Amino acid sequence: MELSVKQKLNAYARLMRIDRPIGTLLLLWPCLMALILAAQGMPDIKVLIIFVCGVVVMRACGCIINDYADRKLDAHVERTQMRPLVSGEVSVKEALSLFVILGLVAFSLVLFLNTLVVKLSVVGIILTILYPFMKRVTNMPQMFLGIVWSWSIPMAYAAQLGYVPVEAWWLFAANWCWTVAYDTMYAMVDRDDDLKVGIKSTAILFGQYDRQWIGLFQLAALGCFMMAGWSAERGLFYALGLVTFVAFSSYQQWLIYGRERAPCFKAFLNNNWAGFALFVALSADYYM
């Protein structure tokens, strides 16, 4: 299939999910929160720019390796049938080449930071490569994704402080729990298709108790966010952010009540606003 340059670039963009920024945003909010907490307000501008760029590039890397791992399964899942690797718009060789290039770009960014960040970044890229294959070997790939999705937090503290304090691991735990919760909502969208093709997920593992487990992870995330704020001696505005997080979580529970595809996907997307609210509240807590 011959594609024009414009069509090929469009296919690459879709492979990197540039047209669907939700994943980038969900990765960005906790990373920015970590930088703000580590800096006790405004992080170093160089560090901030590197991490924002790194989030964008690494999310693209994650999408590419995920589509490579799932290329033979995506054709059987309603939501993923038109992905570029499935449709043939992008070849396997092109996808892997793009992954390597972006991976090198991401690694070159951290070379401007200290040695600890560089070491943590190597672990991060290994975790990113491993995640897509977890769906074959465990019923809890969302729990592995939670580690991948939270790895920027210790990296941010290391970049800003040169070490990773206990406070960082409270934020890490909070984001891990939150990621498991919202990615289980995401997995609920594909549950019927995943059962047919043999993809594993917490949505399948939790079964009829999926909403209850999501609620428990949301509650645990709230508790860990509270501990992170307490460790950093945050005040009223951050507390208001936590209240907003509870409100969004309650709304998401209402959306997933009937376990229908569209509302479950809407609940997943709504987590962007929960993360944005926490970020704004934390920022306001320092500046107001």
# chains A, B, ... in the order shown; residues from 1 in each chain; ligands from 1
$ residues_around --residues "segment 158-170 of chain A" --least-positions-apart "2" --cutoff "10 Å" --atoms "only C-alpha atoms" --output "ChimeraX atom specification"
/A:34-39,43-44,47-48,51,110,112-118,120,150,152-156,172-176,221,223-232
$ residues_around --residues "Gly62 of chain A" --least-positions-apart "6" --cutoff "12 Å" --atoms "only C-alpha atoms" --output "ChimeraX atom specification"
/A:15-17,23-24,27,54-56,68-69,95-96,98-100,102-103,106,124-133,145,148-149
$ select_by_dssp --residues "segment 59-106 of chain A" --states "alpha helix (DSSP H)" --output "number ranges by chain"
A: 59-69, 84-87, 92-106
$ residues_around --residues "Leu219 of chain A" --least-positions-apart "4" --cutoff "9 Å" --atoms "only C-alpha atoms" --output "PyMOL selection string"
chain A and resi 177-178+214-215+223-224+246+249
$ write_last_selection --atoms "N, CA, C and O atoms" --output "PDB file, in the first residue's frame"
ATOM      1  N   CYS A 177      -1.960   3.544  42.582  1.00  0.00           N
ATOM      2  CA  CYS A 177      -3.345   3.159  42.870  1.00  0.00           C
ATOM      3  C   CYS A 177      -4.317   3.814  41.894  1.00  0.00           C
ATOM      4  O   CYS A 177      -5.250   3.166  41.397  1.00  0.00           O
ATOM      5  N   TRP A 178      -4.104   5.072  41.637  1.00  0.00           N
ATOM      6  CA  TRP A 178      -4.977   5.808  40.719  1.00  0.00           C
ATOM      7  C   TRP A 178      -4.894   5.225  39.310  1.00  0.00           C
ATOM      8  O   TRP A 178      -5.921   5.056  38.637  1.00  0.00           O
ATOM      9  N   ILE A 214     -12.264  -0.954  41.876  1.00  0.00           N
ATOM     10  CA  ILE A 214     -11.884   0.379  41.405  1.00  0.00           C
ATOM     11  C   ILE A 214     -12.073   1.393  42.523  1.00  0.00           C
ATOM     12  O   ILE A 214     -11.218   2.258  42.756  1.00  0.00           O
ATOM     13  N   GLY A 215     -13.190   1.290  43.240  1.00  0.00           N
ATOM     14  CA  GLY A 215     -13.452   2.186  44.358  1.00  0.00           C
ATOM     15  C   GLY A 215     -12.393   2.076  45.443  1.00  0.00           C
ATOM     16  O   GLY A 215     -11.958   3.089  46.012  1.00  0.00           O
ATOM     17  N   GLY A 223      -5.876   8.328  49.966  1.00  0.00           N
ATOM     18  CA  GLY A 223      -5.100   8.259  51.203  1.00  0.00           C
ATOM     19  C   GLY A 223      -3.630   8.564  50.984  1.00  0.00           C
ATOM     20  O   GLY A 223      -3.000   9.295  51.760  1.00  0.00           O
ATOM     21  N   CYS A 224      -3.064   8.038  49.905  1.00  0.00           N
ATOM     22  CA  CYS A 224      -1.647   8.269  49.612  1.00  0.00           C
ATOM     23  C   CYS A 224      -1.393   9.700  49.152  1.00  0.00           C
ATOM     24  O   CYS A 224      -0.361  10.291  49.494  1.00  0.00           O
ATOM     25  N   VAL A 246     -12.127  13.469  44.971  1.00  0.00           N
ATOM     26  CA  VAL A 246     -13.220  12.596  45.452  1.00  0.00           C
ATOM     27  C   VAL A 246     -14.474  12.794  44.605  1.00  0.00           C
ATOM     28  O   VAL A 246     -15.149  11.825  44.240  1.00  0.00           O
ATOM     29  N   SER A 249     -13.987  11.116  41.280  1.00  0.00           N
ATOM     30  CA  SER A 249     -14.009   9.661  41.461  1.00  0.00           C
ATOM     31  C   SER A 249     -15.445   9.156  41.633  1.00  0.00           C
ATOM     32  O   SER A 249     -15.816   8.100  41.092  1.00  0.00           O
TER      33      SER A 249
END
$ atom_distance --atom1 "atom CA of Asp74 of chain A" --atom2 "atom CA of Asp190 of chain A"
10.7 Å
$ residues_around --residues "segment 192-204 of chain A" --least-positions-apart "6" --cutoff "8 Å" --atoms "only C-alpha atoms" --output "MDAnalysis selection string"
chainID A and resid 73 76:78 135:142 184:185 210
$ closest_residue --among "A:Leu28, A:Phe107, A:Met82, A:Leu278" --to "Thr244 of chain A" --atoms "only C-alpha atoms"
A:Leu278
$ residues_around --residues "Trp273 of chain A" --least-positions-apart "2" --cutoff "12 Å" --atoms "only C-alpha atoms" --output "mmCIF file with C-alpha atoms, in the first residue's frame"
data_model
loop_
_atom_site.group_PDB
_atom_site.id
_atom_site.type_symbol
_atom_site.label_atom_id
_atom_site.label_comp_id
_atom_site.auth_asym_id
_atom_site.auth_seq_id
_atom_site.Cartn_x
_atom_site.Cartn_y
_atom_site.Cartn_z
ATOM 1 C CA ILE A 22 -5.172 11.663 27.091
ATOM 2 C CA LEU A 25 -1.884 14.234 30.126
ATOM 3 C CA LEU A 26 -2.397 11.397 32.618
ATOM 4 C CA TRP A 29 -0.021 15.686 35.917
ATOM 5 C CA GLY A 241 -7.909 19.540 45.377
ATOM 6 C CA THR A 244 -12.315 17.642 43.977
ATOM 7 C CA PHE A 245 -10.544 14.319 43.347
ATOM 8 C CA VAL A 246 -13.220 12.596 45.452
ATOM 9 C CA ALA A 247 -15.963 14.330 43.456
ATOM 10 C CA PHE A 248 -14.490 13.191 40.144
ATOM 11 C CA SER A 249 -14.009 9.661 41.461
ATOM 12 C CA TYR A 251 -18.771 10.708 39.122
ATOM 13 C CA GLN A 252 -16.646 8.005 37.497
ATOM 14 C CA LYS A 266 -15.948 8.482 29.416
ATOM 15 C CA ALA A 267 -15.071 7.635 33.023
ATOM 16 C CA PHE A 268 -11.503 6.844 31.976
ATOM 17 C CA LEU A 269 -11.191 10.164 30.113
ATOM 18 C CA ASN A 270 -12.614 12.040 33.104
ATOM 19 C CA ASN A 271 -9.488 11.170 35.091
ATOM 20 C CA GLY A 275 -5.350 15.003 37.666
ATOM 21 C CA PHE A 276 -5.582 18.562 36.385
ATOM 22 C CA ALA A 277 -7.526 19.573 39.500
ATOM 23 C CA LEU A 278 -4.875 18.109 41.790
ATOM 24 C CA PHE A 279 -2.101 19.851 39.852
ATOM 25 C CA VAL A 280 -3.864 23.226 39.973
ATOM 26 C CA ALA A 281 -4.673 22.816 43.666
#
